[in-house]
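Next comes final.cif, with mmCIF, C-alpha atoms.
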data_run
loop_
_atom_site.label_atom_id
_atom_site.label_comp_id
_atom_site.auth_asym_id
_atom_site.auth_seq_id
_atom_site.Cartn_x
_atom_site.Cartn_y
_atom_site.Cartn_z
CA MET A 1 73.00 186.15 138.27
CA ALA A 2 76.07 187.58 136.57
CA LYS A 3 77.88 187.47 133.25
CA TYR A 4 81.17 188.92 132.01
CA THR A 5 81.21 191.20 128.95
CA GLY A 6 84.89 192.13 128.95
CA SER A 7 87.85 190.67 127.10
CA ASN A 8 89.83 189.10 129.97
CA ALA A 9 90.50 185.39 129.49
CA LYS A 10 90.00 184.32 133.13
CA PRO A 11 87.61 186.58 135.06
CA LYS A 12 86.54 185.44 138.52
CA LEU A 13 83.74 186.24 140.95
CA GLN A 14 84.01 185.89 144.72
CA LEU A 15 80.97 185.74 147.00
CA THR A 16 81.21 185.99 150.79
CA GLY A 17 78.16 185.58 153.03
CA THR A 18 77.40 186.14 156.68
CA ASP A 19 79.15 182.90 157.65
CA GLY A 20 82.47 184.33 156.40
CA ILE A 21 82.99 181.55 153.82
CA THR A 22 84.21 182.83 150.44
CA TYR A 23 83.25 180.98 147.27
CA THR A 24 85.13 181.61 144.01
CA TYR A 25 83.53 181.11 140.60
CA SER A 26 84.60 181.54 136.98
CA LEU A 27 82.67 184.09 134.92
CA TYR A 28 81.54 183.55 131.33
CA LYS A 29 79.85 185.47 128.51
CA ASP A 30 76.48 183.93 129.39
CA TYR A 31 74.62 184.52 132.64
CA SER A 32 75.42 182.21 135.57
CA THR A 33 73.45 181.83 138.79
CA PHE A 34 75.23 181.82 142.16
CA PRO A 35 73.40 180.51 145.27
CA LEU A 36 73.19 182.66 148.42
CA THR A 37 73.79 179.78 150.83
CA SER A 38 74.55 181.87 153.93
CA GLY A 39 70.89 182.82 154.39
CA ASP A 40 69.75 186.29 155.39
CA GLY A 41 72.27 189.08 155.89
CA THR A 42 74.88 191.13 154.07
CA TYR A 43 76.93 189.61 151.23
CA GLN A 44 80.18 190.86 149.69
CA VAL A 45 80.69 190.30 145.95
CA GLY A 46 83.88 191.00 144.01
CA VAL A 47 84.78 190.60 140.35
CA TYR A 48 88.41 190.19 139.30
CA GLU A 49 90.35 190.05 136.04
CA ASN A 50 93.44 187.93 135.58
CA VAL A 51 96.72 189.79 135.04
CA SER A 52 99.18 186.89 134.98
CA ASP A 53 99.49 183.44 136.53
CA ASP A 54 97.38 183.54 139.73
CA ARG A 55 97.46 187.33 140.06
CA TYR A 56 94.19 189.25 139.69
CA THR A 57 93.11 192.87 139.74
CA THR A 58 89.85 194.09 141.25
CA LEU A 59 87.20 195.03 138.72
CA LEU A 60 84.46 195.83 141.22
CA SER A 61 83.51 195.20 144.83
CA GLU A 62 80.00 195.65 146.21
CA THR A 63 77.88 194.67 149.23
CA PHE A 64 74.17 193.88 149.22
CA SER A 65 71.58 192.73 151.73
CA VAL A 66 69.50 189.56 151.39
CA THR A 67 66.24 188.54 153.04
CA LEU A 68 65.07 185.12 151.88
CA THR A 69 61.36 184.35 151.71
CA ASP A 70 62.24 180.70 152.36
CA PRO A 71 65.53 179.23 153.67
CA LEU A 72 65.36 176.35 151.15
CA LYS A 73 65.22 178.49 148.02
CA PRO A 74 69.00 178.73 147.40
CA TYR A 75 69.11 174.93 147.16
CA LEU A 76 66.08 174.36 144.92
CA TYR A 77 67.09 176.36 141.86
CA PRO A 78 69.74 175.82 139.16
CA ASN A 79 73.16 177.36 139.71
CA GLN A 80 76.47 177.44 137.87
CA TYR A 81 77.65 174.07 139.21
CA VAL A 82 74.29 172.27 139.08
CA ASN A 83 72.63 173.78 136.00
CA PHE A 84 69.37 172.23 134.80
CA THR A 85 65.88 172.88 133.42
CA ALA A 86 62.54 171.10 133.67
CA ASP A 87 63.49 169.22 130.48
CA SER A 88 66.81 167.90 131.81
CA LEU A 89 67.14 164.14 131.36
CA PRO A 90 67.54 163.19 135.05
CA VAL A 91 64.18 164.77 136.02
CA ALA A 92 62.17 161.66 135.09
CA LYS A 93 64.75 159.44 136.79
CA ALA A 94 64.50 161.51 139.98
CA GLU A 95 60.73 161.04 140.06
CA GLU A 96 61.21 157.31 139.51
CA LEU A 97 63.75 157.10 142.35
CA ALA A 98 61.40 158.96 144.71
CA ASP A 99 58.41 156.76 143.85
CA GLY A 100 57.66 154.27 146.59
CA ALA A 101 60.13 155.75 149.08
CA SER A 102 58.73 155.92 152.62
CA SER A 103 61.27 158.29 154.16
CA ASP A 104 63.95 160.85 153.33
CA LEU A 105 66.61 158.24 154.05
CA ASP A 106 65.04 155.90 151.48
CA ILE A 107 65.21 158.62 148.84
CA ILE A 108 68.84 159.44 149.64
CA SER A 109 69.72 155.74 149.52
CA SER A 110 67.96 155.31 146.15
CA VAL A 111 69.86 158.24 144.63
CA TYR A 112 73.18 157.11 146.09
CA ASN A 113 72.77 153.51 144.98
CA TYR A 114 71.75 154.59 141.49
CA ILE A 115 74.88 156.71 141.11
CA ILE A 116 77.34 154.09 142.37
CA THR A 117 75.80 151.28 140.29
CA HIS A 118 75.34 153.14 137.00
CA PHE A 119 78.27 155.54 136.75
CA THR A 120 81.96 154.84 136.18
CA TYR A 121 84.93 157.09 136.72
CA ASP A 122 86.24 158.83 133.58
CA TYR A 123 90.03 158.57 133.90
CA SER A 124 90.54 160.09 130.45
CA LYS A 125 88.66 163.25 131.38
CA ALA A 126 90.40 163.41 134.75
CA SER A 127 93.80 163.52 133.05
CA SER A 128 92.83 166.28 130.62
CA VAL A 129 90.31 168.46 132.48
CA THR A 130 91.25 172.15 132.75
CA SER A 131 90.51 174.89 135.26
CA GLY A 132 87.01 176.36 134.93
CA TYR A 133 85.38 173.06 133.87
CA LEU A 134 81.63 172.88 134.56
CA PRO A 135 79.61 169.64 134.37
CA ASP A 136 76.99 169.18 131.66
CA ILE A 137 74.40 167.17 133.58
CA ASP A 138 72.60 165.79 130.53
CA GLU A 139 75.86 164.71 128.90
CA VAL A 140 77.15 163.03 132.07
CA PHE A 141 73.78 161.38 132.69
CA THR A 142 73.69 159.98 129.14
CA SER A 143 77.28 158.71 129.11
CA GLU A 144 77.05 157.43 132.71
CA LYS A 145 80.66 158.32 133.39
CA GLY A 146 82.49 161.33 134.73
CA ILE A 147 84.95 162.77 137.24
CA CYS A 148 84.27 163.61 140.89
CA PHE A 149 82.80 167.00 139.94
CA ASP A 150 80.36 165.26 137.56
CA TYR A 151 79.33 162.74 140.23
CA ALA A 152 78.64 165.55 142.71
CA ALA A 153 76.69 167.63 140.18
CA VAL A 154 74.45 164.77 139.01
CA MET A 155 73.73 163.51 142.52
CA THR A 156 73.00 167.03 143.75
CA PHE A 157 70.64 167.60 140.82
CA LEU A 158 68.81 164.33 141.49
CA MET A 159 68.35 165.34 145.13
CA ILE A 160 67.02 168.77 144.12
CA ALA A 161 64.66 167.17 141.59
CA VAL A 162 63.40 164.70 144.20
CA ILE A 163 62.73 167.55 146.64
CA LEU A 164 60.79 169.43 143.94
CA VAL A 165 58.76 166.27 143.25
CA LEU A 166 57.95 166.04 146.96
CA ILE A 167 56.91 169.70 147.04
CA ALA A 168 54.81 169.51 143.89
CA LYS A 169 53.11 166.14 144.42
CA VAL A 170 53.39 164.85 147.98
CA VAL A 171 52.76 167.95 150.10
CA PRO A 172 49.33 168.69 148.50
CA VAL A 173 48.21 165.13 149.32
CA PHE A 174 49.45 165.59 152.87
CA SER A 175 47.39 168.80 153.08
CA LYS A 176 44.21 167.02 151.93
CA VAL A 177 44.65 164.38 154.65
CA TYR A 178 44.94 167.14 157.23
CA ALA A 179 41.82 168.88 155.89
CA GLU A 180 39.83 165.66 156.19
CA LEU A 181 40.91 165.42 159.84
CA GLY A 182 39.82 168.99 160.50
CA SER A 183 43.35 170.32 160.94
CA GLU A 184 45.92 172.14 158.80
CA LEU A 185 49.64 172.15 158.05
CA THR A 186 51.97 174.38 160.03
CA GLY A 187 55.51 175.72 159.91
CA THR A 188 57.87 174.81 157.08
CA THR A 189 55.44 172.29 155.57
CA ARG A 190 52.84 175.02 155.16
CA THR A 191 55.42 177.15 153.36
CA LEU A 192 56.25 174.20 151.11
CA LEU A 193 52.55 173.82 150.31
CA HIS A 194 52.40 177.43 149.17
CA ILE A 195 55.43 176.87 146.95
CA SER A 196 53.80 173.69 145.62
CA THR A 197 50.62 175.59 144.73
CA ILE A 198 52.61 178.19 142.82
CA LEU A 199 54.66 175.53 141.00
CA ASN A 200 51.57 173.56 139.97
CA HIS A 201 49.42 176.48 138.85
CA TYR A 202 51.72 179.17 137.54
CA MET A 203 54.93 177.48 136.36
CA LEU A 204 54.12 177.83 132.65
CA GLY A 205 53.18 181.47 133.14
CA PHE A 206 56.42 182.16 135.02
CA ILE A 207 58.49 180.55 132.27
CA ILE A 208 56.71 182.49 129.52
CA ALA A 209 56.96 185.78 131.42
CA PHE A 210 60.66 185.23 132.10
CA LEU A 211 61.41 184.41 128.46
CA VAL A 212 59.46 187.47 127.24
CA LEU A 213 61.27 189.71 129.71
CA LEU A 214 64.63 188.22 128.72
CA ILE A 215 63.94 188.78 125.01
CA ILE A 216 62.82 192.36 125.65
CA CYS A 217 65.97 193.08 127.67
CA MET A 218 68.20 191.55 124.97
CA ILE A 219 66.52 193.57 122.23
CA LEU A 220 66.60 196.74 124.31
CA TYR A 221 70.26 196.26 125.17
CA HIS A 222 71.22 196.36 121.48
CA THR A 223 69.54 199.75 120.98
CA ASP A 224 71.10 203.12 121.77
CA LEU A 225 68.44 203.80 124.39
CA GLY A 226 68.97 200.41 125.99
CA ARG A 227 72.72 200.85 126.24
CA VAL A 228 72.20 204.22 127.90
CA LEU A 229 69.73 202.71 130.37
CA PHE A 230 71.76 199.58 131.21
CA LEU A 231 75.27 200.99 131.10
CA GLY A 232 74.33 204.04 133.15
CA GLN A 233 73.49 201.95 136.18
CA LYS A 234 75.71 201.95 139.26
CA LEU A 235 76.99 198.41 138.72
CA ALA A 236 77.94 199.07 135.07
CA MET A 237 79.70 202.30 136.03
CA THR A 238 81.58 200.50 138.81
CA VAL A 239 82.74 197.89 136.30
CA ALA A 240 83.79 200.63 133.89
CA SER A 241 85.77 202.53 136.54
CA GLY A 242 87.49 199.26 137.48
CA ARG A 243 88.58 198.82 133.85
CA VAL A 244 89.95 202.35 133.80
CA ALA A 245 91.95 201.52 136.93
CA ASN A 246 93.25 198.34 135.25
CA CYS A 247 94.42 200.32 132.21
CA LEU A 248 96.14 202.89 134.41
CA TYR A 249 97.93 200.16 136.33
CA LEU A 250 99.16 198.40 133.21
CA VAL A 251 100.40 201.68 131.73
CA LEU A 252 102.07 202.88 134.92
CA SER A 253 103.74 199.51 135.56
CA SER A 254 105.10 199.68 131.99
CA GLY A 255 106.64 203.08 132.63
CA LEU A 256 104.35 204.93 130.19
CA ASP A 257 102.55 208.24 130.69
CA SER A 258 99.28 208.14 132.60
CA ASN A 259 97.48 209.99 129.79
CA ILE A 260 98.11 206.98 127.56
CA GLY A 261 96.24 204.88 130.13
CA LEU A 262 93.21 207.13 129.83
CA THR A 263 93.30 206.96 126.03
CA LEU A 264 93.57 203.17 126.14
CA ALA A 265 90.73 202.96 128.69
CA CYS A 266 88.49 205.09 126.48
CA GLU A 267 88.90 202.57 123.67
CA LEU A 268 88.39 199.47 125.83
CA VAL A 269 85.77 200.47 128.39
CA ASN A 270 82.77 200.04 126.00
CA ASN A 271 80.54 202.32 128.09
CA PRO A 272 79.37 205.65 126.63
CA HIS A 273 78.86 207.18 130.09
CA MET A 274 82.41 206.38 131.19
CA GLN A 275 83.83 207.46 127.83
CA ALA A 276 82.18 210.86 128.34
CA LEU A 277 83.82 211.15 131.77
CA ILE A 278 87.22 210.22 130.27
CA ASP A 279 86.75 212.89 127.60
CA LYS A 280 85.95 215.35 130.41
CA CYS A 281 89.18 214.34 132.16
CA HIS A 282 91.18 214.94 128.96
CA GLU A 283 89.49 218.34 128.65
CA ASN A 284 90.47 219.24 132.22
CA ILE A 285 94.09 218.29 131.48
CA ARG A 286 94.08 220.45 128.34
CA HIS A 287 92.93 223.37 130.50
CA GLY A 288 95.98 223.03 132.72
CA GLU A 289 94.76 220.79 135.54
CA SER A 290 97.13 218.18 136.94
CA PHE A 291 96.34 214.53 136.15
CA ASP A 292 95.12 213.70 139.67
CA LYS A 293 93.02 216.90 139.85
CA ALA A 294 91.52 216.18 136.43
CA LEU A 295 90.52 212.67 137.60
CA LEU A 296 88.86 214.13 140.69
CA LEU A 297 86.90 216.73 138.71
CA SER A 298 85.79 214.27 136.01
CA GLY A 299 84.07 211.83 138.37
CA ILE A 300 85.64 208.70 136.86
CA PHE A 301 86.36 207.40 140.36
CA SER A 302 84.70 208.06 143.69
CA GLN A 303 85.96 211.11 145.55
CA MET A 304 87.76 208.95 148.10
CA TYR A 305 89.53 206.82 145.48
CA ALA A 306 90.43 209.90 143.44
CA SER A 307 91.91 211.44 146.60
CA TRP A 308 94.05 208.35 147.10
CA ILE A 309 95.31 208.68 143.53
CA ALA A 310 96.13 212.34 144.23
CA ILE A 311 98.18 211.32 147.26
CA GLY A 312 99.89 208.59 145.24
CA SER A 313 100.73 211.10 142.50
CA ARG A 314 102.37 213.48 144.96
CA THR A 315 104.32 210.76 146.75
CA GLY A 316 105.32 208.83 143.63
CA GLU A 317 103.24 205.80 144.68
CA MET A 318 100.36 206.07 142.21
CA GLU A 319 101.10 202.59 140.87
CA SER A 320 100.56 201.14 144.35
CA ILE A 321 97.10 202.72 144.57
CA VAL A 322 95.91 200.71 141.57
CA SER A 323 97.91 197.58 142.41
CA GLN A 324 96.73 193.98 142.23
CA ARG A 325 95.27 191.72 144.84
CA GLU A 326 95.57 187.92 144.64
CA ILE A 327 92.61 185.57 145.03
CA ASN A 328 92.39 181.84 145.46
CA THR A 329 90.43 179.77 142.96
CA ASP A 330 89.71 176.73 145.07
CA THR A 331 86.17 175.45 144.38
CA ALA A 332 86.30 172.36 146.54
CA SER A 333 84.98 174.31 149.53
CA TYR A 334 81.80 174.99 147.58
CA LEU A 335 81.03 171.29 147.14
CA THR A 336 81.71 170.67 150.83
CA ALA A 337 79.28 173.40 151.80
CA LEU A 338 76.74 172.15 149.26
CA ARG A 339 76.80 168.65 150.70
CA ALA A 340 76.32 170.13 154.19
CA ALA A 341 73.42 172.21 152.88
CA LEU A 342 71.72 169.13 151.43
CA ARG A 343 72.01 167.43 154.80
CA GLN A 344 70.37 170.47 156.38
CA ILE A 345 67.55 170.35 153.81
CA ASN A 346 66.89 166.70 154.60
CA GLY A 347 66.92 167.56 158.30
CA ILE A 348 64.44 170.39 157.80
CA ILE A 349 62.10 168.21 155.77
CA TYR A 350 62.36 165.36 158.28
CA THR A 351 61.80 167.65 161.27
CA SER A 352 58.88 169.38 159.58
CA ALA A 353 57.28 166.06 158.68
CA ALA A 354 57.81 164.73 162.21
CA GLU A 355 56.20 167.83 163.73
CA ASN A 356 53.17 167.49 161.48
CA MET A 357 52.87 163.74 162.09
CA ILE A 358 52.75 164.44 165.83
CA ALA A 359 50.13 167.11 165.14
CA MET A 360 48.17 164.57 163.02
CA ASP A 361 48.06 162.06 165.89
CA SER A 362 46.93 164.85 168.21
CA SER A 363 44.13 165.67 165.76
CA ILE A 364 43.08 162.01 165.62
CA LEU A 365 43.07 161.87 169.43
CA GLN A 366 40.88 164.97 169.58
CA LEU A 367 38.45 163.44 167.06
CA TYR A 368 38.19 160.37 169.33
CA LYS A 369 37.57 162.56 172.39
CA ASP A 370 34.84 164.42 170.50
CA GLY A 371 33.18 161.11 169.63
CA ARG A 372 33.60 161.56 165.87
CA ILE A 373 35.63 158.33 165.42
CA ASP A 374 35.86 155.09 167.39
CA LYS A 375 38.91 153.58 169.09
CA HIS A 376 39.67 151.13 166.28
CA THR A 377 39.66 153.92 163.65
CA ALA A 378 41.86 156.16 165.81
CA ILE A 379 44.48 153.44 166.22
CA SER A 380 44.44 152.28 162.57
CA GLU A 381 44.72 155.84 161.20
CA ALA A 382 47.45 156.98 163.61
CA VAL A 383 51.01 157.55 162.43
CA ASN A 384 52.19 155.47 165.41
CA PRO A 385 49.38 153.03 166.30
CA GLU A 386 51.22 151.60 169.33
CA ILE A 387 51.62 154.98 170.99
CA MET A 388 48.05 155.95 170.07
CA SER A 389 46.76 152.75 171.72
CA LYS A 390 48.61 153.56 174.92
CA ARG A 391 47.28 157.12 174.93
CA LEU A 392 43.70 155.92 174.43
CA ASN A 393 44.04 153.41 177.27
CA LEU A 394 45.01 156.23 179.59
CA LEU A 395 41.78 158.13 178.91
#

Since I need it in another form, could you write the structure as structure tokens?
Amino acid sequence: MAKYTGSNAKPKLQLTGTDGITYTYSLYKDYSTFPLTSGDGTYQVGVYENVSDDRYTTLLSETFSVTLTDPLKPYLYPNQYVNFTADSLPVAKAEELADGASSDLDIISSVYNYIITHFTYDYSKASSVTSGYLPDIDEVFTSEKGICFDYAAVMTFLMIAVILVLIAKVVPVFSKVYAELGSELTGTTRTLLHISTILNHYMLGFIIAFLVLLIICMILYHTDLGRVLFLGQKLAMTVASGRVANCLYLVLSSGLDSNIGLTLACELVNNPHMQALIDKCHENIRHGESFDKALLLSGIFSQMYASWIAIGSRTGEMESIVSQREINTDTASYLTALRAALRQINGIIYTSAAENMIAMDSSILQLYKDGRIDKHTAISEAVNPEIMSKRLNLL
């Protein structure tokens, strides 16, 4: 999750996973969730502030490692493009669409047919929509009209909701059938059963705990102690140093003195820890240190970056050290990847179900061999009665 607390009008976040695909998102004042769709591995995240047109300057760049407890998790939770809660209007509709379906394909067909028969294209919105638009699923669902982005968001949400219904309601029933046959679930389906148990028993507790923690953090953040705790963290300091670099670039590119950039940064950075380091830098300059040496001694930037600035100062290329980098803001690739991910989810569910159905027939066959059920019962209870009949005839 991430939110932007600065003053830039068009901040962006880029996320690159192990598959090398880079997704670009807009940042807002409220927290947004970004899915880690590349699975396990190392991710690169960058935050950028708009300078002019499509030119951006780097605010921060970090890497972090991810180990998922379940490969489906990135697709089963709300994110910035498909944002929802348990009270979202399409939840009940998703359960209705899943009811009576006998296969994954039936569910997909029900969702698809519902969308194409109930929703119309909103040409008015299409002609006036601006960059950074995010669908409001409840609003689109109520009005039953929208642009392509709205269609994709609502259909994706319905698919996620259907999957959650399957996890919460169908998998436990499947487990009981297995228990009656003296067997148990395996593989991905067993993992889904564990998730289902947690969802059914502890969901209310999770929601309450999350809300309490969120309220505590919000209250703490508005205290002096909270600001010291939060703004002293590595990420906050990285953001602050990026803002200092932005101020220096703007001042240098305007032909002004670098000290003015520090003064401006001190007013805009909104971080007491960084402001103390800027004051230390000013103090070093007053004691006769050169600007680049004062930066190095103050600790505003990392030693390596401060060394680059020192080289730039001596060669007259300091402005280049804090120069911009351009980023693309194409979000269409995200939807393409999301659709591919949903296909993978359906494949995983189908494969898992198929594996366990084969295991179920094997359990029924073993019960017949042990004399616990007769031939008629074995055939009638089998997933594939025809194949079961042939297998029994071979015994």

Between A:Leu394, A:Val140, A:Ile207, A:Val47, which is the closest to Ala153 (chain A) once you count all atoms listed in the file?
A:Val140

As a check of understanding, name the residues that the PyMOL selection byres ((chain A and resi 119) around 6) selects in the supplied structure, as a ChimeraX atom specification.
/A:115-116,118,120,144-145

I need the chosen residues saved as a PDB file, in the frame of the given file, with C-alpha atoms.
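Heads up, here's the output in part20.pdb:
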ATOM      1  CA  ILE A 115      74.880 156.710 141.110  1.00  0.00           C
ATOM      2  CA  ILE A 116      77.340 154.090 142.370  1.00  0.00           C
ATOM      3  CA  HIS A 118      75.340 153.140 137.000  1.00  0.00           C
ATOM      4  CA  THR A 120      81.960 154.840 136.180  1.00  0.00           C
ATOM      5  CA  GLU A 144      77.050 157.430 132.710  1.00  0.00           C
ATOM      6  CA  LYS A 145      80.660 158.320 133.390  1.00  0.00           C
TER       7      LYS A 145
END

In Å, how far is it from CA of Gly17 (chain A) to CA of Ser38 (chain A)?
5.3 Å

Long-range neighbours of region 377-380 of chain A as number ranges by chain, 12 Å cut-off, all atoms listed in the file, 5 positions minimum in chain:
A: 181, 360-372, 385-393

Would you pick out the contacts of Ile278 (chain A) at 8 Å or less, using only C-alpha atoms, so that residues sharing its chain but fewer than 3 positions from it are not included, and give the list as a PDB file with C-alpha atoms, in the frame of the given file?
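The resulting part.pdb:
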ATOM      1  CA  LEU A 262      93.210 207.130 129.830  1.00  0.00           C
ATOM      2  CA  CYS A 266      88.490 205.090 126.480  1.00  0.00           C
ATOM      3  CA  MET A 274      82.410 206.380 131.190  1.00  0.00           C
ATOM      4  CA  GLN A 275      83.830 207.460 127.830  1.00  0.00           C
ATOM      5  CA  CYS A 281      89.180 214.340 132.160  1.00  0.00           C
ATOM      6  CA  HIS A 282      91.180 214.940 128.960  1.00  0.00           C
ATOM      7  CA  SER A 298      85.790 214.270 136.010  1.00  0.00           C
ATOM      8  CA  ILE A 300      85.640 208.700 136.860  1.00  0.00           C
TER       9      ILE A 300
END

As a PyMOL selection string, please: the residues near region 93-98 of chain A (cut-off 8 Å, only C-alpha atoms, same-chain neighbours under 6 positions excluded).
chain A and resi 107+110-111+158-159+161-162+165

Specify the axis-aligned box that encloses all atoms of region 19-29 of chain A listed in the file after padding of 6 Å on each side, stating its centre and edge lengths in Å to one decimal as AutoDock Vina command-line options.
--center_x 82.1 --center_y 183.2 --center_z 143.1 --size_x 18.0 --size_y 16.5 --size_z 41.1

By how many Å are CA of Leu264 (chain A) and CA of Val244 (chain A) apart?
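Computing the Euclidean distance for CA of Leu264 (chain A) and CA of Val244 (chain A) yields 8.5 Å.
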
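Among A:Ile198, A:Val51, A:Leu268, A:Val91, the residue with the shortest atom-to-atom distance to Gly6 (chain A), counting all atoms listed in the file, is A:Leu268.
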
Please evaluate the PyMOL selection byres ((chain A and resi 52) around 12) against the displayed coordinates and give the resulting residues as a VMD selection string.
chain A and resid 8 to 11 49 to 51 53 to 57 250 324 to 326

Residue among A:Leu277, A:Cys217, A:Val239, A:Val212 lying closest to Tyr48 (chain A), counting all atoms listed in the file:
A:Val239

Residue members of the PyMOL selection byres ((chain A and resi 3) around 9) in the file shown, as a list in words:
Met1, Ala2, Tyr4, Thr5, Leu27, Tyr28, Lys29, Asp30, Tyr31 and Ser32 of chain A

In Å to one decimal, how far is CA of Leu72 (chain A) from CA of Ala382 (chain A)?
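Value for the CA of Ala382 (chain A)-CA of Leu72 (chain A) distance: 29.2 Å.
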
With all atoms listed in the file as the counted atoms, please give the residues lying no more than 10 Å from Leu297 (chain A), apart from itself and same-chain residues fewer than 2 positions off, as a short mmCIF file (atom, residue, chain, number, x, y, z; two decimals) with C-alpha atoms, in the frame of the given file.
data_model
loop_
_atom_site.label_atom_id
_atom_site.label_comp_id
_atom_site.auth_asym_id
_atom_site.auth_seq_id
_atom_site.Cartn_x
_atom_site.Cartn_y
_atom_site.Cartn_z
CA LEU A 277 83.82 211.15 131.77
CA LYS A 280 85.95 215.35 130.41
CA CYS A 281 89.18 214.34 132.16
CA ASN A 284 90.47 219.24 132.22
CA GLU A 289 94.76 220.79 135.54
CA ASP A 292 95.12 213.70 139.67
CA LYS A 293 93.02 216.90 139.85
CA ALA A 294 91.52 216.18 136.43
CA LEU A 295 90.52 212.67 137.60
CA GLY A 299 84.07 211.83 138.37
CA ILE A 300 85.64 208.70 136.86
CA PHE A 301 86.36 207.40 140.36
CA GLN A 303 85.96 211.11 145.55
CA ALA A 306 90.43 209.90 143.44
#
